[in-house]
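As structure tokens, the structure follows; a few thoughts come after it.
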Amino acid sequence: MSTREIFDGRLEAALLLAPTLLVSVVFLYYPTALAFRTSLFDAGFGRAEEFVGLENYLTLLESSAYHRSVAISVLFAALVVVGTITVSLYLTFLIHEVDDGQGWYLISVIWPYALPPAVAALVFLFILHPTLGVLTGPIEAVGFDVDWFNDGPQAFLVVLLVAIWKQIGYNVIFMIAAMKDVPDALTETAELDGVGRLRRLVSVYVPIMTPTLFFLVIINTIYAFFGTFAFVDLLTSGGPANATNVLIFDLYREGFSFFNFGVASTKSVVLFLVVAVLMVIQFRLTEEYSYYGA
Amino acid sequence: MTTITLRNLRKEFDDVVAVNGVDLTVRDGEFLVVVGPSGCGKSTTLRLLAGLETATDGEIRMDDRDVTGTEPKDRNVAMVFQNYALYPHMTGRRNITFGMNATDSFTDEEIDRRVAEAAETLDITDLLDRKPQAMSGGERQRVALGRAIVRDPDAFLMDEPLSNLDAKLRIQMRAELTRLHAELGTTTVYVTHDQTEAMTLGERVVVMDDGEIQQVDPPQALYDFPENRFVAEFIGDPAMNMIDVAVEGGVAVHDAFRIPLPTGEAGDGKNVENGTAAESLADPEAGDRRKAVLGVRPEDLHPARDRPDLGETTFDATVEVTEPLGDSLLVHCSVGDATFKMGAEPRSSLEPGGTVSVTYDPERLHLFEPETGEAFYHSSTAPVTSDRLERVAND
């Protein structure tokens with residue numbers, strides 16, 4: 001018998017758990033299971049389902065376009081994670097170091113996070129539009145030809161910039177909290193020892209902040225794979241020439257433009273597996289390198 | 001070696017004055033302790049010295065350099081903090097060398113040599129490869145000291161470095177700090193709220209209250225000749241008894257007793273603080289009778305039967321509470337409307353409610369102004385110290 005009888009009976013416990021369980025099952029576990037099932041069928045809009053076994057998987061395995069999409073997604077995610085962490089960390093450090101107006105700097109940095117992704121994408125569409133954008137003129141004035149509607153790498157860069165910009169606020173919120181947790185005496189010791197600012201950030205703050213940073217790496221990875229759909233959809237629609245066709249956009253198109261539900265489900269299962277494998281690797285690394293306080 | 005001079009140093013935080021016009025000279029190679037209650041400005045003073053706070057007004061000089069506006073790193077001081085301030089993710093060795101590595105002003109061989117030396121001095125060689133997590137409080141503080149001494153700074157600034165240690169370790173580290181200072185001879189400013197620590201460690205002790213220096217003297221002078229009520233009550237445990245009396249013709253008069261106040265030979269020139277001649281006891285304005293606060297330390301009061309040698313004058317008091325301290329018995333007594341504490345022989349048979357005849361050491365009486373708290377009489381003559389001469393010269 002349990003010594004911690006919190007509830008009168010099993011019924012009460014079950015009732016309290018029911019809402020969470022219900023939502024999880026209806027919106028998470030059931031669709032997941034269904035996606036696995038559909039991935040084994042040739043299914044489409046207005047077509048009868050036909051069991052095809054692993055054929056969809058084999059198709060993807062042989063599709064060079066899909067391989068390219070995986071490569072683009074992984075590269076995109078890596079750059080989003082590294083870019084977001086680096087920029088956020090530096091901004092956080094600058095905010096941490098100022099004495100006056102910290103709140104205002106913080107608000108202005110966190111602001112983009114409050115913007116819906118679609119709005120952010122549209123804002124950047126106008127800022128960086130190859131002919132109409134307000135920043136386009138100045139950039140072209142220094143000799144750079146803004147042409148991301150036709151230039152693949154440029155389009156990739158634009159989506160990347162927007163994705164990073166959008167995620168900075170979220171990162172800064174956590175980083176500023178972690179940085180403020182570093183004891184003042186450590187900062188003061190470093191100052192007395194003549195340790196430079198950047199050195200202090202890299203050698204003192206970052207190691208102490210590792211638990212937060214690893215958490216953010218994971219969240220940013222998930223964001224890069226799943227949360228950047230709106231940017232691709234509104235800015236480039238996966239183009240030009242599939243240069244920004246990341247997995248999440250690719251599977252959306254497969255399902256809802258081409259109505260190949262079977263292949264789309266397969267792609268979502270693969271995406272799930274890719275992210276899951278990355279998570280496992282990251283958690284392993286976390287345990288190895290993360291510092292948890294004394 | 002370095003002399004540190006503070007001139008009219010002020011620090012305000014918004015509308016709070018933390019340090020209010022401090023003048024102080026820390027002599028070359030001296031171990032100076034700054035003591036005071038929480039919020040008296042002692043830590044702020046130290047942080048001003050380190051450059052971690054910017055002075056609102058005043059001047060800080062180290063030897064001939066004006067360092068008032070100098071960055072902490074350019075002052076060449078090392079600080080030891082209460083919470084050790086070790087980098088938690090670095091080993092003891094990394095902690096010690098991190099600052100030196102960061103400045104590029106030391107070669108690797110030089111760093112290795114200095115670490116080995118410091119480790120030897122502090123007996124921390126086996127801690128060098130451990131992280132702070134795997135060290136005890138005392139070990140951490142030793143590593144923090146190691147970090148301070150490897151840089152061979154002009155001055156050590158210590159902010160309550162022993163306060164996080166348990167009582168036994170604190171006493172041990174106290175002795176170690178004294179030894180270390182004797183060995184290195186570096187000018188040291190040590191801040192503490194613990195008056196025992198101040199007395200045992202300091203060559204001179206600065207007592208601060210309310211952002212101002214109350215007194216600067218060697219420990220014994222501070223104890224024997226407090227310049228005001230604050231110092232008298234702050235230094236010494238249990239605190240000095242304070243009893244309201246009137247002074248009439250060289251006698252301290254209370255409802256329940258009369259204590260003649262010994263007067264030294266006037267004009268012998270030794271007591272530069274206050275003349276102890278009878279006439280100085282009279283208030284020039286109020287005439288022959290003046291109000292005063294009589295200060296006597298508990299250990300200078302005795303049951304009359306224990307110390308018949310101390311003279312004829314005794315008075316009767318009621319025993320309220322007794323506290324056995326092992327080596328003595330602390331007796332809380334009352335006489336009239338006044339209460340006081342008295343030290344007695346450890347196994348004295350004094351019972352609460354009983355009456356005890358009390359005698360006192362006539363050499364150890366102090367009188368304070370009731371309003372200002374300034375001492376205006378000590379029954380023995382204060383020794384001439386350079387601090388006193390300096391103060392008189394300044395007045």
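Chain labels follow the order of the structure tokens: the first chain is A, the next B, and so on; residue numbering restarts at 1 in every chain, and ligands are counted from 1 in their shown order.
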
May I have the residues of chain B within 9 Å of chain A, counting only C-alpha atoms, written as an mmCIF file with C-alpha atoms, in the first residue's frame?
data_model
loop_
_atom_site.group_PDB
_atom_site.id
_atom_site.type_symbol
_atom_site.label_atom_id
_atom_site.label_comp_id
_atom_site.auth_asym_id
_atom_site.auth_seq_id
_atom_site.Cartn_x
_atom_site.Cartn_y
_atom_site.Cartn_z
ATOM 1 C CA ALA B 50 38.940 47.723 -5.049
ATOM 2 C CA GLY B 51 37.330 49.930 -7.671
ATOM 3 C CA LEU B 52 34.161 47.860 -7.778
ATOM 4 C CA GLU B 71 39.683 50.515 -13.258
ATOM 5 C CA PRO B 72 39.837 47.602 -10.797
ATOM 6 C CA LYS B 73 42.319 45.707 -12.934
ATOM 7 C CA ASP B 74 44.759 48.603 -12.958
ATOM 8 C CA ARG B 75 44.858 48.964 -9.182
ATOM 9 C CA ASN B 76 46.795 45.748 -8.643
ATOM 10 C CA VAL B 77 44.774 44.670 -5.657
ATOM 11 C CA ALA B 78 43.425 41.186 -4.968
ATOM 12 C CA MET B 79 40.147 40.588 -3.262
ATOM 13 C CA VAL B 80 38.909 37.644 -1.246
ATOM 14 C CA PHE B 81 35.161 37.320 -0.946
ATOM 15 C CA ASN B 83 31.445 33.311 -0.725
ATOM 16 C CA TYR B 84 34.937 32.494 -2.100
ATOM 17 C CA ALA B 85 33.940 33.485 -5.647
ATOM 18 C CA LEU B 86 35.667 30.495 -7.181
ATOM 19 C CA TYR B 87 34.715 29.702 -10.760
ATOM 20 C CA PRO B 88 32.641 26.566 -10.164
ATOM 21 C CA HIS B 89 33.504 24.891 -13.452
ATOM 22 C CA PHE B 98 42.725 32.091 -14.881
ATOM 23 C CA GLY B 99 43.358 35.742 -14.076
ATOM 24 C CA MET B 100 47.063 35.489 -14.824
ATOM 25 C CA ASN B 101 46.410 33.694 -18.107
ATOM 26 C CA ALA B 102 43.878 36.285 -19.137
ATOM 27 C CA THR B 103 46.270 39.195 -18.889
ATOM 28 C CA PRO B 132 35.256 23.660 -5.947
ATOM 29 C CA GLN B 133 32.293 21.282 -5.640
ATOM 30 C CA ALA B 134 34.654 18.652 -4.274
ATOM 31 C CA ARG B 151 49.371 37.749 -8.399
#

Requested in this report: From a DSSP pass on the backbone, collect the residues of region 105-301 of chain B flagged as strand (DSSP E or B) and hand them back as a ChimeraX atom specification.
Outcome: /B:155-159,187-192,204-209,212-217,228,241-248,251-253,258-260,283,287,289-296,301

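Within the 10 Å cut-off around Gly255 (chain A), using only C-alpha atoms and omitting residues fewer than 2 positions from it on the same chain, the listed residues are Ala43, Gly44, Phe45, Phe249, Asp250, Leu251, Tyr252, Arg253, Ser257, Phe258, Phe259, Asn260, Phe261, Gly262, Val263, Ala264, Ser265 and Lys267 of chain A.
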
Query raised in the report: Quick one: of A:Pro31, A:Gly169, A:Pro116, A:Gly46, who's nearest to Phe231 (chain A), counting only C-alpha atoms?
Result: A:Pro116

Query raised in the report: Which polymer residues have any atom within 12 Å of an atom of Val253 (chain B), counting only C-alpha atoms, with same-chain residues fewer than 5 positions away left out, as a list in words?
Result: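 The residues that qualify are Ile243, Asp244, Val245, Ala246, Val247, Glu248, Arg258, Ile259, Pro260, Leu261, Arg289, Arg290, Lys291, Ala292, Val293, Leu294 and Phe315 of chain B.
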
Report task. Please provide as a VMD selection string all residues within 7 Å of Tyr360 (chain B), with the sequence filter that same-chain residues fewer than 3 positions apart are discarded (counting only C-alpha atoms). Result -> chain B and resid 300 to 302 310

Write out the residues from the selection above, keeping N, CA and C atoms, as a tab-separated table (two decimals), in the first residue's frame.
chain	number	residue	atom	x	y	z
B	300	ASP	N	35.01	43.83	34.71
B	300	ASP	CA	35.61	44.75	35.68
B	300	ASP	C	34.71	44.94	36.90
B	301	LEU	N	33.59	44.22	36.92
B	301	LEU	CA	32.73	44.20	38.10
B	301	LEU	C	32.87	42.81	38.73
B	302	HIS	N	32.90	42.78	40.06
B	302	HIS	CA	33.08	41.49	40.73
B	302	HIS	C	32.22	41.45	41.98
B	310	LEU	N	40.15	45.15	45.79
B	310	LEU	CA	39.79	46.26	44.90
B	310	LEU	C	39.32	47.51	45.65

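The shell of residues at most 12 Å from Gly185 (chain B), with only C-alpha atoms counted and near chain neighbours (fewer than 3 positions) removed, consists of B:Met1, B:Thr2, B:Arg27, B:Asp28, B:Gly29, B:Glu30, B:Phe31, B:Ile149, B:Asp152, B:Pro153, B:Asp154, B:Ala155, B:Phe156, B:Leu177, B:Thr178, B:Arg179, B:Leu180, B:His181, B:Ala182, B:Thr188.
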
Report task. Name the residues in contact with Thr56 (chain B) at a cut-off of 12 Å, using only C-alpha atoms, excluding same-chain residues fewer than 3 positions from it; report them as JSON, numbers by chain. Result -> {"B": [8, 9, 10, 11, 12, 13, 14, 15, 16, 17, 18, 19, 20, 21, 22, 44, 45, 48, 53, 59, 60, 68, 69]}

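CA of Ala114 (chain A) sits 21.3 Å away from CA of Phe93 (chain A).
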
Query raised in the report: So how far away is CA of Cys333 (chain B) from CA of Thr355 (chain B), in Å?
Result: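 Atom-to-atom, CA of Thr355 (chain B) and CA of Cys333 (chain B) are spaced 9.0 Å apart.
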
Requested in this report: Pull the alpha helix (DSSP H) assignments for region 138-183 of chain A out of DSSP run on the backbone, and list those residues as a PyMOL selection string.
Outcome: chain A and resi 138-141+152-180

Requested in this report: Could you please determine the separation between CA of Glu12 (chain A) and CA of Ala33 (chain A) in Å, to one decimal place?
Outcome: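 The value is 28.7 Å.
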